[in-house]
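Report on the following structure.
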Amino acid sequence: MEADDEIYANGGDDTGRTRPIVSGEQLDIEAYAGLYSGRTKITRLIFIAVHCGNPSMEKEALRMAYDEIKKGENTQLFREVVQKIDDRLGPNYGMDNAWCETVDRRAEQRKEKLENELNAYRTNLIKESIRMGYNDFGDFYYAHGALGDAFKSYIRTRDYCTTSKHIIHMCMSAILVSIEMGQFSHVSSYVSKAEQTPEALDPTTIAKLKCASGLAHLDMTKYKLAARKFLEVGPELGNSYNEVIAPQDVATYGGLCALASFDRTELKSKVIDNLNFRNFLELVPEVRELINDFYSSRYASCLDYLTNLKANLLLDVHLHDHVEKLYDQIRNKALIQYTHPFVSVDLNMMANAFKTTVAGLEKELATLITDNQIQARIDSHNKILYARHADQRNATFQRVLQTGSEFDRDVRAMLLRANLVKHEHSARTNRKL
């Protein structure tokens, strides 16, 4: 293969490929919301409304959030959504004071009943009943949006757990509320606690714990650990955890974190050849093709996929704050991978492959060279990148000299020891009686 052909094969002109690139279409909010249930469905819709910057999309998200909240009992969240709607959706989506009063009144009655039951259980010292009482309080507070009180109630069941299944139930409830509150340190803590009782863990629960742990690592920008957790999620997950995460999210989060943090060997063995994760990737073909293009060094196509996915990824409640950082890391890895096989690279061809200007590419490469991630120098006049390959002959010679010096030192030490033993010169410790 000629040098020019190699450069094109490594991400330049790939016009021979006819596989279509996904278009950057506006997010289908109804289909997206259908992936989730419970509180996360509402918070994701509100997040889209706040961050989309598109009036029609914002109204659609708020309308769906309004309808979803009316199915539950969270009057506080209802008032927030009504305030955001600001009379833009007509009379059917305004403030419903009668509904709020009815729900609040029913909530007070329910709370009083739960308090009376719990007091009776505590008086009778029935551990299982007390556990159920606190758990019911947790469910009550969660339904009404009092997440802090819900967390405290779930945690109080810990002292009354009598079986491993009770501990798992407590941990899963605490994890759910912690994710909603954004308290990911609590998530990691209760995932670890749940994993300490493996005898009570079924495959579905294990998959849920992997997802929760992945989200916690993602929040802490530990992308490699996050990728590993998402890649370990089993097919048993299905739609069983859609109050937190959808299977499509597992593919997207895991795929992007892996691209940003794995080397080529790990990408091949842990992602592309991972049969379990392949099932998740089938749900998001764009991410699947993105990973394959990156591994196959088809950078133009890879960057097209990234560009088209970006707008929707920025509307994801968990990924929003990490998109820019992940994209930068993926792009830097692509630049490093592109330059690695060559002694010299034409910057004009490389700029074309990465959809950028030569001047912009020079700045990116200069940063990577300064950070010692690429061993090369830039010829700005001729627009060529020259690799700095280590002098193998000199390096080998230096290693031989070092080995010889070490051998000489060891031999001298052995001779000295042999002579000391021969002449009976050994160190003796004088003992004082």
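Scheme for the structure tokens: letters A, B, ... for chains in order shown; per-chain residue numbers from 1; ligand numbers from 1 in order shown.
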Worksheet item: Please, which residues of range 81-273 of chain A, numbered as in this document, come out alpha helix (DSSP H) from DSSP, as an MDAnalysis selection string?
Response: chainID A and resid 81:85 97:124 127:143 147:156 164:181 184:195 203:219 223:231 247:261 264:266
Find the residues of range 316-418 of chain A that sit at most 10 Å from range 204-221 of chain A; for each, write down the nearest two atoms and how far apart they are in Å, to one decimal. Count only C-alpha atoms. Sort by chain, then by number going up, and give it as a tab-separated table.
```
residue	atom	partner	partner_atom	distance
A:His318	CA	A:Asp219	CA	7.5
A:Leu319	CA	A:Leu218	CA	8.1
A:Asp321	CA	A:Asp219	CA	8.7
A:His322	CA	A:Thr221	CA	7.6
A:Lys325	CA	A:Thr221	CA	9.1
A:Leu326	CA	A:Thr221	CA	9.3
```
Worksheet item: Neighbours of range 377-382 of chain A within 9 Å (only C-alpha atoms; same-chain residues fewer than 3 positions away dropped), as a PyMOL selection string?
Response: chain A and resi 346-347+362+365-366+369+374+385-388
Resulting file, chosen residues, N, CA, C and O atoms, as an mmCIF file, in the first residue's frame:
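Dumped everything to selection_2.cif:
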```
data_model
loop_
_atom_site.group_PDB
_atom_site.id
_atom_site.type_symbol
_atom_site.label_atom_id
_atom_site.label_comp_id
_atom_site.auth_asym_id
_atom_site.auth_seq_id
_atom_site.Cartn_x
_atom_site.Cartn_y
_atom_site.Cartn_z
ATOM 1 N N ASP A 346 0.710 14.267 6.044
ATOM 2 C CA ASP A 346 0.334 15.510 5.370
ATOM 3 C C ASP A 346 -0.808 16.152 6.160
ATOM 4 O O ASP A 346 -1.891 15.583 6.284
ATOM 5 N N LEU A 347 -0.561 17.344 6.701
ATOM 6 C CA LEU A 347 -1.571 18.001 7.540
ATOM 7 C C LEU A 347 -2.817 18.389 6.754
ATOM 8 O O LEU A 347 -3.911 18.467 7.318
ATOM 9 N N GLU A 362 -3.226 22.213 13.539
ATOM 10 C CA GLU A 362 -1.897 22.470 14.092
ATOM 11 C C GLU A 362 -1.982 22.789 15.589
ATOM 12 O O GLU A 362 -1.158 22.329 16.385
ATOM 13 N N LEU A 365 -2.735 19.534 17.483
ATOM 14 C CA LEU A 365 -1.558 18.671 17.519
ATOM 15 C C LEU A 365 -0.482 19.236 18.440
ATOM 16 O O LEU A 365 0.175 18.495 19.171
ATOM 17 N N ALA A 366 -0.327 20.576 18.403
ATOM 18 C CA ALA A 366 0.672 21.219 19.269
ATOM 19 C C ALA A 366 0.353 20.956 20.744
ATOM 20 O O ALA A 366 1.258 20.700 21.554
ATOM 21 N N ILE A 369 1.260 17.372 21.499
ATOM 22 C CA ILE A 369 2.723 17.216 21.551
ATOM 23 C C ILE A 369 3.260 17.778 22.863
ATOM 24 O O ILE A 369 4.106 17.175 23.525
ATOM 25 N N ILE A 374 1.677 12.825 21.818
ATOM 26 C CA ILE A 374 2.170 12.491 20.481
ATOM 27 C C ILE A 374 3.654 12.825 20.427
ATOM 28 O O ILE A 374 4.049 13.944 20.781
ATOM 29 N N LEU A 385 3.604 16.686 9.489
ATOM 30 C CA LEU A 385 3.903 16.250 10.855
ATOM 31 C C LEU A 385 4.919 15.113 10.775
ATOM 32 O O LEU A 385 4.672 14.097 10.113
ATOM 33 N N TYR A 386 6.060 15.292 11.429
ATOM 34 C CA TYR A 386 7.102 14.262 11.443
ATOM 35 C C TYR A 386 7.125 13.577 12.806
ATOM 36 O O TYR A 386 7.238 14.236 13.839
ATOM 37 N N ALA A 387 7.069 12.250 12.773
ATOM 38 C CA ALA A 387 7.103 11.492 14.027
ATOM 39 C C ALA A 387 8.526 11.454 14.567
ATOM 40 O O ALA A 387 9.497 11.390 13.812
ATOM 41 N N ARG A 388 8.632 11.522 15.895
ATOM 42 C CA ARG A 388 9.928 11.379 16.554
ATOM 43 C C ARG A 388 10.037 9.950 17.075
ATOM 44 O O ARG A 388 9.555 9.654 18.160
#
```
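For the set A:Gly182, A:Gly53, A:Tyr241, A:Ser173, the residue with the smallest atom-to-atom gap to Ala194 in chain A is A:Ser173, counting only C-alpha atoms.
For Gly138 in chain A, the set of protein, DNA and RNA residues having any atom at most 10 Å away, when counting only C-alpha atoms and skipping those fewer than 5 positions along the same chain, is Met132, Gly133, Ala143, Ala146, Leu147, Gly148, Asp149, Ala150, Phe151, Lys152, Ser153, Tyr154, Ile155, Arg156, Thr157, Ser173, Ala174 and Val177 of chain A.
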Could you please take those selected residues and save all heavy atoms as a CSV table (one decimal), in the first residue's frame?
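What ended up in selection_18.csv:
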```csv
chain,number,residue,atom,x,y,z
A,132,MET,N,-41.7,-2.3,57.5
A,132,MET,CA,-42.7,-2.0,56.5
A,132,MET,C,-43.3,-0.6,56.7
A,132,MET,O,-43.6,0.1,55.7
A,132,MET,CB,-43.9,-3.0,56.5
A,132,MET,CG,-43.4,-4.4,56.1
A,132,MET,SD,-43.0,-4.4,54.4
A,132,MET,CE,-44.6,-4.1,53.6
A,133,GLY,N,-43.5,-0.2,58.0
A,133,GLY,CA,-44.0,1.1,58.3
A,133,GLY,C,-43.1,2.2,57.8
A,133,GLY,O,-43.5,3.2,57.1
A,143,ALA,N,-43.3,9.7,46.6
A,143,ALA,CA,-44.4,10.1,45.7
A,143,ALA,C,-44.8,11.6,45.7
A,143,ALA,O,-45.2,12.1,44.7
A,143,ALA,CB,-45.7,9.2,46.0
A,146,ALA,N,-40.8,14.7,48.4
A,146,ALA,CA,-40.0,15.0,49.5
A,146,ALA,C,-38.8,14.0,49.6
A,146,ALA,O,-38.8,13.1,50.4
A,146,ALA,CB,-40.8,15.0,50.8
A,147,LEU,N,-37.8,14.2,48.7
A,147,LEU,CA,-36.8,13.2,48.5
A,147,LEU,C,-35.9,13.0,49.7
A,147,LEU,O,-35.5,11.9,50.1
A,147,LEU,CB,-36.0,13.5,47.3
A,147,LEU,CG,-36.7,13.6,45.9
A,147,LEU,CD1,-35.7,13.9,44.8
A,147,LEU,CD2,-37.4,12.3,45.6
A,148,GLY,N,-35.6,14.1,50.4
A,148,GLY,CA,-34.8,14.0,51.6
A,148,GLY,C,-35.4,13.2,52.7
A,148,GLY,O,-34.8,12.3,53.3
A,149,ASP,N,-36.7,13.4,52.9
A,149,ASP,CA,-37.5,12.6,53.9
A,149,ASP,C,-37.6,11.2,53.5
A,149,ASP,O,-37.6,10.3,54.3
A,149,ASP,CB,-38.9,13.3,54.1
A,149,ASP,CG,-38.8,14.6,54.9
A,149,ASP,OD1,-37.8,14.8,55.7
A,149,ASP,OD2,-39.6,15.5,54.6
A,150,ALA,N,-37.8,11.0,52.2
A,150,ALA,CA,-37.9,9.6,51.6
A,150,ALA,C,-36.6,8.8,51.9
A,150,ALA,O,-36.7,7.7,52.4
A,150,ALA,CB,-38.2,9.6,50.1
A,151,PHE,N,-35.5,9.5,51.6
A,151,PHE,CA,-34.2,8.8,51.9
A,151,PHE,C,-34.1,8.4,53.3
A,151,PHE,O,-33.7,7.3,53.7
A,151,PHE,CB,-33.1,9.8,51.4
A,151,PHE,CG,-31.7,9.2,51.6
A,151,PHE,CD1,-31.2,8.3,50.7
A,151,PHE,CD2,-30.9,9.6,52.6
A,151,PHE,CE1,-30.0,7.7,50.8
A,151,PHE,CE2,-29.6,9.0,52.8
A,151,PHE,CZ,-29.2,8.1,51.8
A,152,LYS,N,-34.4,9.4,54.3
A,152,LYS,CA,-34.3,9.1,55.7
A,152,LYS,C,-35.2,7.9,56.1
A,152,LYS,O,-34.7,7.1,56.9
A,152,LYS,CB,-34.6,10.3,56.5
A,152,LYS,CG,-33.6,11.5,56.4
A,152,LYS,CD,-34.2,12.7,57.1
A,152,LYS,CE,-33.2,13.9,56.9
A,152,LYS,NZ,-33.8,15.1,57.5
A,153,SER,N,-36.4,7.9,55.6
A,153,SER,CA,-37.3,6.8,55.9
A,153,SER,C,-36.8,5.5,55.4
A,153,SER,O,-36.8,4.5,56.2
A,153,SER,CB,-38.7,7.1,55.4
A,153,SER,OG,-39.2,8.2,55.9
A,154,TYR,N,-36.3,5.4,54.2
A,154,TYR,CA,-35.8,4.2,53.7
A,154,TYR,C,-34.6,3.7,54.5
A,154,TYR,O,-34.4,2.5,54.8
A,154,TYR,CB,-35.3,4.3,52.2
A,154,TYR,CG,-36.5,4.4,51.2
A,154,TYR,CD1,-36.5,5.4,50.2
A,154,TYR,CD2,-37.6,3.5,51.3
A,154,TYR,CE1,-37.6,5.5,49.3
A,154,TYR,CE2,-38.6,3.6,50.4
A,154,TYR,CZ,-38.6,4.6,49.4
A,154,TYR,OH,-39.7,4.7,48.6
A,155,ILE,N,-33.7,4.6,54.9
A,155,ILE,CA,-32.5,4.3,55.7
A,155,ILE,C,-32.9,3.7,57.0
A,155,ILE,O,-32.2,2.8,57.6
A,155,ILE,CB,-31.5,5.5,55.8
A,155,ILE,CG1,-31.0,5.9,54.4
A,155,ILE,CG2,-30.4,5.1,56.7
A,155,ILE,CD1,-30.5,4.8,53.6
A,156,ARG,N,-33.9,4.2,57.6
A,156,ARG,CA,-34.4,3.8,58.9
A,156,ARG,C,-34.8,2.3,58.9
A,156,ARG,O,-34.8,1.7,60.0
A,156,ARG,CB,-35.5,4.7,59.5
A,156,ARG,CG,-35.0,6.0,60.0
A,156,ARG,CD,-36.1,6.9,60.4
A,156,ARG,NE,-35.6,8.2,60.9
A,156,ARG,CZ,-36.4,9.3,60.9
A,156,ARG,NH1,-37.6,9.3,60.4
A,156,ARG,NH2,-35.8,10.4,61.3
A,157,THR,N,-35.2,1.8,57.8
A,157,THR,CA,-35.6,0.4,57.7
A,157,THR,C,-34.4,-0.5,57.9
A,157,THR,O,-34.6,-1.7,58.2
A,157,THR,CB,-36.2,0.0,56.3
A,157,THR,OG1,-35.2,0.1,55.3
A,157,THR,CG2,-37.4,0.9,56.0
A,173,SER,N,-33.9,1.1,47.2
A,173,SER,CA,-34.7,2.3,47.4
A,173,SER,C,-33.9,3.5,47.7
A,173,SER,O,-34.1,4.6,47.1
A,173,SER,CB,-35.7,2.1,48.6
A,173,SER,OG,-36.6,1.0,48.4
A,174,ALA,N,-32.8,3.3,48.5
A,174,ALA,CA,-31.9,4.4,48.8
A,174,ALA,C,-31.1,4.9,47.5
A,174,ALA,O,-30.9,6.1,47.3
A,174,ALA,CB,-30.9,4.0,49.8
A,177,VAL,N,-33.6,7.0,45.2
A,177,VAL,CA,-33.8,8.4,45.7
A,177,VAL,C,-32.5,9.2,45.6
A,177,VAL,O,-32.5,10.4,45.2
A,177,VAL,CB,-34.2,8.4,47.2
A,177,VAL,CG1,-34.4,9.8,47.7
A,177,VAL,CG2,-35.5,7.6,47.3
```
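Excluding Val50 in chain A itself and same-chain residues fewer than 6 positions from it, the residues having an atom within 10 Å of it are Arg44, Glu58, Ala61, Leu62, Lys84 and Leu315 of chain A, counting only C-alpha atoms.
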Worksheet item: So which one's closest to Gly254 in chain A, A:Leu281, A:Leu118, A:Ala33, A:Ala65? Using only C-alpha atoms, please.
Response: A:Leu281
